file start-v4.tsv (TSV, C-alpha atoms)
chain	number	residue	atom	x	y	z
P	1	MET	CA	6.19	3.03	-21.81
P	2	LYS	CA	3.35	0.55	-22.18
P	3	THR	CA	3.90	-0.67	-18.62
P	4	ALA	CA	3.75	2.88	-17.22
P	5	LEU	CA	0.54	3.70	-19.05
P	6	PHE	CA	-1.04	0.44	-17.95
P	7	CYS	CA	-0.17	1.07	-14.31
P	8	ALA	CA	-1.46	4.65	-14.47
P	9	ALA	CA	-4.79	3.41	-15.79
P	10	LEU	CA	-5.08	0.97	-12.91
P	11	LEU	CA	-4.31	3.65	-10.36
P	12	CYS	CA	-7.00	5.91	-11.81
P	13	GLY	CA	-9.42	3.03	-11.64
P	14	GLY	CA	-8.55	2.52	-7.99
P	15	VAL	CA	-9.32	6.15	-7.12
P	16	ALA	CA	-12.61	6.02	-8.97
P	17	ILE	CA	-13.68	2.94	-7.08
P	18	ALA	CA	-12.74	4.48	-3.73
P	19	ALA	CA	-14.85	7.59	-4.48
P	20	GLU	CA	-17.85	5.66	-5.79
P	21	PRO	CA	-21.08	6.52	-3.96
P	22	GLY	CA	-21.96	3.93	-1.35
P	23	ALA	CA	-18.40	2.77	-0.89
P	24	LYS	CA	-17.39	1.96	2.67
P	25	LEU	CA	-15.43	4.74	4.33
P	26	SER	CA	-13.51	4.75	7.59
P	27	VAL	CA	-13.68	7.44	10.25
P	28	LYS	CA	-13.07	11.03	9.00
P	29	GLY	CA	-13.88	9.98	5.43
P	30	ALA	CA	-10.68	7.96	4.81
P	31	PRO	CA	-11.05	4.98	2.44
P	32	ALA	CA	-11.79	1.65	4.08
P	33	LYS	CA	-8.90	-0.79	4.48
P	34	GLY	CA	-10.00	-3.01	1.58
P	35	ALA	CA	-10.30	-0.09	-0.80
P	36	ALA	CA	-6.82	1.26	0.02
P	37	ALA	CA	-5.18	-2.12	-0.61
P	38	LYS	CA	-5.71	-2.00	-4.36
P	39	PRO	CA	-3.24	0.79	-5.19
P	40	ALA	CA	-0.59	-0.93	-3.03
P	41	ALA	CA	-1.15	-4.23	-4.86
P	42	VAL	CA	-0.88	-2.48	-8.21
P	43	ALA	CA	2.37	-0.83	-7.16
P	44	SER	CA	3.75	-4.17	-6.01
P	45	SER	CA	2.72	-5.76	-9.31
P	46	ALA	CA	4.35	-2.92	-11.22
P	47	ASN	CA	7.58	-3.37	-9.27
P	48	ALA	CA	7.58	-7.12	-9.95
P	49	ALA	CA	6.98	-6.50	-13.65
P	50	ALA	CA	9.88	-4.03	-13.73
P	51	GLU	CA	12.19	-6.46	-11.92
P	52	LEU	CA	11.16	-9.26	-14.27
P	53	ALA	CA	11.92	-7.04	-17.25
P	54	GLU	CA	15.36	-6.30	-15.76
P	55	ALA	CA	16.00	-10.02	-15.25
P	56	ASP	CA	14.92	-10.74	-18.85
P	57	ALA	CA	17.27	-8.03	-20.13
P	58	LEU	CA	20.17	-9.45	-18.15
P	59	PHE	CA	19.42	-12.92	-19.48
P	60	ALA	CA	19.31	-11.61	-23.04
P	61	LYS	CA	22.79	-10.13	-22.50
P	62	LYS	CA	23.92	-13.52	-21.14
P	63	SER	CA	24.58	-12.00	-17.73
P	64	TYR	CA	23.41	-15.26	-16.23
P	65	PRO	CA	24.53	-14.87	-12.59
P	66	GLU	CA	22.78	-11.49	-12.29
P	67	ALA	CA	19.66	-12.77	-14.06
P	68	LEU	CA	19.65	-15.85	-11.82
P	69	ALA	CA	19.71	-13.70	-8.69
P	70	LYS	CA	16.77	-11.57	-9.84
P	71	TYR	CA	14.74	-14.55	-11.07
P	72	THR	CA	15.34	-16.34	-7.78
P	73	LYS	CA	14.16	-13.37	-5.73
P	74	LEU	CA	10.99	-13.05	-7.82
P	75	ALA	CA	10.38	-16.81	-7.93
P	76	ASN	CA	10.62	-17.10	-4.15
P	77	ALA	CA	8.06	-14.30	-3.94
P	78	GLY	CA	5.71	-16.40	-6.09
P	79	ASN	CA	6.20	-14.81	-9.53
P	80	VAL	CA	5.16	-17.53	-11.96
P	81	MET	CA	7.16	-16.23	-14.93
P	82	ALA	CA	10.30	-16.04	-12.82
P	83	GLN	CA	9.65	-19.61	-11.67
P	84	GLN	CA	9.37	-20.73	-15.29
P	85	HIS	CA	12.57	-18.92	-16.33
P	86	LEU	CA	14.42	-20.24	-13.30
P	87	GLY	CA	13.42	-23.79	-14.22
P	88	GLU	CA	14.70	-23.19	-17.75
P	89	MET	CA	18.02	-21.86	-16.50
P	90	TYR	CA	18.60	-24.95	-14.38
P	91	PHE	CA	17.42	-27.19	-17.22
P	92	TYR	CA	19.76	-25.72	-19.82
P	93	GLY	CA	22.72	-25.19	-17.51
P	94	GLU	CA	22.60	-21.39	-17.55
P	95	ALA	CA	22.42	-21.34	-13.75
P	96	GLY	CA	26.04	-22.46	-13.53
P	97	GLY	CA	25.37	-26.08	-14.46
P	98	VAL	CA	22.57	-28.45	-15.38
P	99	ASP	CA	20.45	-29.36	-12.34
P	100	MET	CA	17.41	-31.36	-13.36
P	101	ASP	CA	16.10	-31.66	-9.80
P	102	LYS	CA	15.98	-27.89	-9.29
P	103	ALA	CA	14.57	-27.43	-12.79
P	104	ALA	CA	11.74	-29.83	-11.97
P	105	GLN	CA	11.04	-28.10	-8.65
P	106	TRP	CA	10.61	-24.69	-10.27
P	107	PHE	CA	8.66	-26.05	-13.22
P	108	GLN	CA	6.30	-27.77	-10.77
P	109	LYS	CA	5.70	-24.51	-8.89
P	110	ALA	CA	4.93	-22.66	-12.12
P	111	ALA	CA	2.85	-25.53	-13.51
P	112	ALA	CA	0.73	-25.54	-10.35
P	113	LYS	CA	-0.33	-22.02	-11.32
P	114	GLY	CA	-1.22	-23.08	-14.86
P	115	ASN	CA	1.97	-21.97	-16.64
P	116	ALA	CA	1.81	-23.71	-20.03
P	117	VAL	CA	5.58	-23.64	-20.65
P	118	ALA	CA	6.28	-25.23	-17.29
P	119	ILE	CA	3.66	-27.92	-17.90
P	120	ALA	CA	5.19	-28.71	-21.30
P	121	SER	CA	8.69	-28.70	-19.76
P	122	LEU	CA	7.69	-31.27	-17.15
P	123	GLU	CA	6.30	-33.47	-19.93
P	124	LEU	CA	9.57	-33.04	-21.82
P	125	MET	CA	11.49	-34.17	-18.73
P	126	LYS	CA	9.33	-37.29	-18.52
P	127	GLN	CA	10.09	-38.06	-22.16
P	128	ARG	CA	13.80	-37.60	-21.49
P	129	GLU	CA	13.66	-40.23	-18.76
P	130	ALA	CA	11.81	-42.61	-21.05
P	131	ARG	CA	14.35	-42.08	-23.87
P	132	ARG	CA	17.48	-41.96	-21.70
P	133	ALA	CA	19.13	-44.89	-23.51
P	134	ASP	CA	18.57	-43.23	-26.91
P	135	LEU	CA	20.01	-39.95	-25.65
P	136	ASP	CA	23.12	-41.67	-24.26
P	137	TYR	CA	23.57	-43.56	-27.53
P	138	TRP	CA	23.91	-40.38	-29.59
P	139	ILE	CA	25.77	-38.43	-26.92
P	140	ALA	CA	28.51	-41.00	-26.28
P	141	LYS	CA	27.97	-44.47	-27.75
P	142	TYR	CA	27.27	-44.10	-31.48
P	143	ASP	CA	30.13	-45.64	-33.51
P	144	GLY	CA	28.99	-45.37	-37.13
P	145	SER	CA	28.59	-49.12	-37.57
P	146	ASP	CA	25.09	-48.62	-38.97
P	147	LEU	CA	26.65	-47.00	-42.05
P	148	ARG	CA	28.52	-50.19	-42.98
P	149	THR	CA	25.68	-52.20	-44.50
P	150	ASN	CA	26.42	-55.09	-46.86
P	151	ASP	CA	26.82	-52.80	-49.87
P	152	TYR	CA	29.60	-50.94	-48.07
P	153	ARG	CA	31.49	-53.81	-46.46
P	154	CYS	CA	34.75	-54.00	-48.38
P	155	PRO	CA	37.02	-56.81	-47.14
P	156	ALA	CA	40.61	-56.12	-48.15
P	157	PRO	CA	41.83	-58.61	-50.79
P	158	ARG	CA	45.04	-60.52	-50.07
P	159	PHE	CA	47.71	-60.69	-52.76
P	160	PRO	CA	50.62	-63.12	-53.11
P	161	VAL	CA	54.14	-61.90	-53.73
P	162	MET	CA	53.61	-62.47	-57.43
P	163	SER	CA	51.50	-64.43	-59.88
P	164	LYS	CA	53.04	-66.57	-62.60
P	165	VAL	CA	50.12	-67.63	-64.75
P	166	ASN	CA	47.56	-65.57	-66.64
P	167	GLU	CA	44.58	-67.11	-64.86
P	168	GLU	CA	45.93	-66.06	-61.47
P	169	ILE	CA	46.84	-62.60	-62.75
P	170	ASP	CA	43.27	-62.12	-64.03
P	171	TYR	CA	41.86	-63.39	-60.75
P	172	TYR	CA	43.74	-60.92	-58.55
P	173	SER	CA	43.21	-58.05	-60.99
P	174	GLY	CA	39.46	-58.75	-60.75
P	175	LYS	CA	39.61	-58.85	-56.94
P	176	MET	CA	41.22	-55.42	-56.95
P	177	LYS	CA	38.55	-53.97	-59.26
P	178	ASP	CA	35.78	-55.33	-57.05
P	179	TRP	CA	37.37	-53.89	-53.92
P	180	GLU	CA	37.94	-50.54	-55.61
P	181	ALA	CA	34.28	-50.30	-56.65
P	182	CYS	CA	33.14	-51.15	-53.11
P	183	HIS	CA	35.62	-48.71	-51.58
P	184	ASN	CA	34.39	-45.88	-53.79
P	185	ARG	CA	30.77	-46.63	-52.86
P	186	TRP	CA	31.71	-46.50	-49.19
P	187	VAL	CA	33.57	-43.19	-49.56
P	188	LYS	CA	30.51	-41.71	-51.28
P	189	GLN	CA	28.26	-43.06	-48.52
P	190	LEU	CA	30.48	-41.68	-45.77
P	191	ASN	CA	30.76	-38.24	-47.35
P	192	ALA	CA	26.98	-38.06	-47.76
P	193	SER	CA	26.53	-38.96	-44.07
P	194	LEU	CA	28.80	-36.22	-42.74
P	195	PRO	CA	28.42	-34.41	-40.46
P	196	LEU	CA	27.06	-37.31	-38.43
P	197	ALA	CA	25.12	-34.95	-36.14
P	198	LYS	CA	22.43	-34.72	-38.81
P	199	ARG	CA	21.71	-38.41	-38.25
P	200	ILE	CA	20.33	-37.76	-34.77
P	201	PRO	CA	16.57	-38.42	-35.00
P	202	GLU	CA	14.53	-35.25	-34.65
P	203	ASP	CA	12.49	-36.65	-31.76
P	204	ILE	CA	15.73	-37.31	-29.85
P	205	ALA	CA	17.42	-34.02	-30.77
P	206	LYS	CA	14.53	-31.99	-29.36
P	207	LEU	CA	14.92	-33.74	-25.99
P	208	MET	CA	18.59	-32.77	-25.60
P	209	THR	CA	19.78	-29.92	-23.43
P	210	LYS	CA	22.25	-27.42	-24.88
P	211	ASP	CA	25.09	-29.17	-23.06
P	212	GLU	CA	24.01	-32.57	-24.36
P	213	THR	CA	23.75	-31.26	-27.90
P	214	GLU	CA	27.30	-29.92	-27.70
P	215	LYS	CA	28.58	-33.22	-26.32
P	216	ALA	CA	26.75	-35.19	-29.02
P	217	ASN	CA	28.14	-32.95	-31.76
P	218	ALA	CA	31.69	-33.32	-30.43
P	219	HIS	CA	31.36	-37.11	-30.10
P	220	LEU	CA	29.87	-37.53	-33.57
P	221	LYS	CA	32.55	-35.34	-35.14
P	222	GLU	CA	35.20	-37.53	-33.51
P	223	VAL	CA	33.47	-40.66	-34.86
P	224	GLY	CA	33.23	-39.13	-38.35
P	225	ASP	CA	36.90	-38.12	-38.32
P	226	ARG	CA	37.91	-41.61	-37.19
P	227	LEU	CA	35.85	-43.29	-39.91
P	228	ALA	CA	37.38	-41.03	-42.54
P	229	GLU	CA	40.91	-41.68	-41.29
P	230	ASP	CA	40.34	-45.45	-41.04
P	231	THR	CA	39.04	-45.43	-44.61
P	232	LYS	CA	42.13	-43.61	-45.85
P	233	VAL	CA	44.52	-45.94	-44.01
P	234	ALA	CA	42.71	-49.09	-45.15
P	235	GLY	CA	42.68	-47.84	-48.74
P	236	ARG	CA	46.38	-47.05	-48.71
P	237	MET	CA	47.22	-50.49	-47.33
P	238	VAL	CA	45.24	-52.31	-50.03
P	239	VAL	CA	46.75	-50.14	-52.78
P	240	ALA	CA	50.24	-50.75	-51.37
P	241	ASP	CA	49.66	-54.55	-51.30
P	242	PHE	CA	48.29	-54.47	-54.83
P	243	ASP	CA	51.19	-52.37	-56.11
P	244	ALA	CA	53.69	-54.76	-54.53
P	245	TRP	CA	51.93	-57.76	-56.13
P	246	ARG	CA	51.76	-56.01	-59.49
P	247	ALA	CA	55.43	-55.02	-59.36
P	248	GLY	CA	56.45	-58.57	-58.46
P	249	THR	CA	54.21	-60.04	-61.13
P	250	GLU	CA	55.40	-57.63	-63.83
P	251	ALA	CA	59.03	-58.33	-62.92
P	252	TYR	CA	58.42	-62.05	-63.17
P	253	VAL	CA	56.53	-61.72	-66.47
P	254	LYS	CA	59.29	-59.54	-67.92
P	255	GLU	CA	61.99	-61.95	-66.81
P	256	HIS	CA	60.00	-64.91	-68.07
P	257	ASN	CA	59.40	-63.27	-71.44
P	258	GLU	CA	63.09	-62.40	-71.79
P	259	MET	CA	64.00	-65.99	-71.04
P	260	VAL	CA	61.57	-67.21	-73.66
P	261	LYS	CA	62.79	-64.63	-76.14
P	262	ASN	CA	66.46	-65.49	-75.63
P	263	ALA	CA	66.02	-69.20	-75.39
P	264	PRO	CA	67.73	-71.12	-78.19
P	265	PRO	CA	65.37	-72.53	-80.79
P	266	PRO	CA	64.46	-76.14	-80.25
P	267	ASP	CA	66.60	-78.64	-82.09
P	268	ASN	CA	64.02	-80.43	-84.19
P	269	ASP	CA	66.67	-82.75	-85.61
P	270	LYS	CA	67.07	-84.52	-82.31
call {"tool": "encode", "arguments": {"input": "start-v4.tsv", "output": "structure tokens"}}
result
Amino acid sequence: MKTALFCAALLCGGVAIAAEPGAKLSVKGAPAKGAAAKPAAVASSANAAAELAEADALFAKKSYPEALAKYTKLANAGNVMAQQHLGEMYFYGEAGGVDMDKAAQWFQKAAAKGNAVAIASLELMKQREARRADLDYWIAKYDGSDLRTNDYRCPAPRFPVMSKVNEEIDYYSGKMKDWEACHNRWVKQLNASLPLAKRIPEDIAKLMTKDETEKANAHLKEVGDRLAEDTKVAGRMVVADFDAWRAGTEAYVKEHNEMVKNAPPPDNDK
């Protein structure tokens, strides 16, 4: 409704100008060519605005192919907003796939006419090129190794089959307690770091396309799941080794104590 009222006001203005005293008239009192051109331009502008609104509505409904067709028609006719939206569709992959070259072309056309969004988008694309290595790191190369600082490095202790003296038993019992404390710290650290997607620096996250964000999230989830599974497996192996050592040691101690208990008293007369 606002568009219709706005256009009607312009048309009235055009008639008033044509009838203004002193205005140039053609033969038989018809308006001069320049005066008649204004209503036609207004009508053309109104049609473009209506088509742009249709394209926006289609985009909002995620009818991307239809929106793309309308934006392309308008953009080729020089509509700056359509050029901006077309650049965005190619940038974010809504035009059937990400095409940075086409995105840049349309942003450049819109930017040449002073479109602020297009100008900012071109700057964003420059930043993406400058930070390409950082983007690739979070999208495909991050492995979680930065989480394993010295406080969370927990080398698995090695246990013998059994221990026969108290000093050795105390030593390996202490090694197990130290590992257990470190392991629990690491589990707490890992849980606090999940999901790993929240570790992406904000200045890098804002440079990612929708497709790149999805790929990064999928990759980081896979890394997080692997770290969690590796932690479980490593923990089970250490506990199994410790339990085997403890069982062997307890069996030896029990057997040794029985032997001592059942041993004949020393013959002090000899």
call {"tool": "atom_distance", "arguments": {"input": "start-v4.tsv", "atom1": "atom CA of His219 of chain P", "atom2": "atom CA of Leu147 of chain P"}}
result
16.2 Å
call {"tool": "residues_around", "arguments": {"input": "start-v4.tsv", "residues": "Cys154 of chain P", "least_positions_apart": "3", "cutoff": "9 Å", "atoms": "all atoms listed in the file", "output": "PDB file with C-alpha atoms, keeping the file's coordinate frame"}}
result
ATOM      1  CA  ASN P 150      26.420 -55.090 -46.860  1.00  0.00           C
ATOM      2  CA  ASP P 151      26.820 -52.800 -49.870  1.00  0.00           C
ATOM      3  CA  PRO P 157      41.830 -58.610 -50.790  1.00  0.00           C
ATOM      4  CA  ASP P 178      35.780 -55.330 -57.050  1.00  0.00           C
ATOM      5  CA  TRP P 179      37.370 -53.890 -53.920  1.00  0.00           C
ATOM      6  CA  GLU P 180      37.940 -50.540 -55.610  1.00  0.00           C
ATOM      7  CA  CYS P 182      33.140 -51.150 -53.110  1.00  0.00           C
ATOM      8  CA  HIS P 183      35.620 -48.710 -51.580  1.00  0.00           C
ATOM      9  CA  TRP P 186      31.710 -46.500 -49.190  1.00  0.00           C
TER      10      TRP P 186
END
call {"tool": "closest_residue", "arguments": {"input": "start-v4.tsv", "among": "P:Ala60, P:Met176, P:Ile200, P:Leu122", "to": "Phe159 of chain P", "atoms": "all atoms listed in the file"}}
result
P:Met176
call {"tool": "closest_residue", "arguments": {"input": "start-v4.tsv", "among": "P:Ile169, P:Ala192, P:Ile204, P:Ala156", "to": "Arg236 of chain P", "atoms": "only C-alpha atoms"}}
result
P:Ala156
call {"tool": "atom_distance", "arguments": {"input": "start-v4.tsv", "atom1": "atom CA of Ser45 of chain P", "atom2": "atom CA of Ala67 of chain P"}}
result
18.9 Å
call {"tool": "atom_distance", "arguments": {"input": "start-v4.tsv", "atom1": "atom CA of Lys215 of chain P", "atom2": "atom CA of Lys141 of chain P"}}
result
11.4 Å
call {"tool": "closest_residue", "arguments": {"input": "start-v4.tsv", "among": "P:Ser44, P:Val98, P:Ser145, P:Asn79", "to": "Lys113 of chain P", "atoms": "only C-alpha atoms"}}
result
P:Asn79
call {"tool": "residues_near_point", "arguments": {"input": "start-v4.tsv", "point": "(25.3, -35.0, -20.4)", "cutoff": "10 Å", "atoms": "all atoms listed in the file", "output": "NGL selection string"}}
result
:P and (98 or 135-136 or 139-140 or 208-216)
call {"tool": "closest_residue", "arguments": {"input": "start-v4.tsv", "among": "P:Glu250, P:Glu129, P:Glu94, P:Glu51", "to": "Ser63 of chain P", "atoms": "all atoms listed in the file"}}
result
P:Glu94
call {"tool": "closest_residue", "arguments": {"input": "start-v4.tsv", "among": "P:Pro155, P:Asp99, P:Lys61, P:Val117", "to": "His85 of chain P", "atoms": "only C-alpha atoms"}}
result
P:Val117
call {"tool": "decode", "arguments": {"input": "start-v4.tsv", "residues": "segment 167-184 of chain P", "atoms": "C-alpha atoms", "output": "compact mmCIF listing (two decimals), in the first residue's frame"}}
result
# COMPACT_ATOMS: atom_id res chain seq x y z
CA GLU P 167 58.16 -50.22 48.40
CA GLU P 168 57.31 -51.28 44.86
CA ILE P 169 53.63 -51.68 45.71
CA ASP P 170 53.55 -48.13 47.11
CA TYR P 171 55.38 -46.82 44.06
CA TYR P 172 52.92 -48.22 41.51
CA SER P 173 49.91 -47.33 43.65
CA GLY P 174 51.20 -43.73 43.67
CA LYS P 175 51.70 -43.77 39.90
CA MET P 176 48.09 -44.83 39.46
CA LYS P 177 46.81 -42.04 41.72
CA ASP P 178 48.82 -39.45 39.82
CA TRP P 179 47.52 -40.69 36.47
CA GLU P 180 43.94 -40.79 37.76
CA ALA P 181 44.15 -37.17 38.95
CA CYS P 182 45.56 -36.06 35.58
CA HIS P 183 42.97 -38.07 33.68
CA ASN P 184 40.11 -36.49 35.63
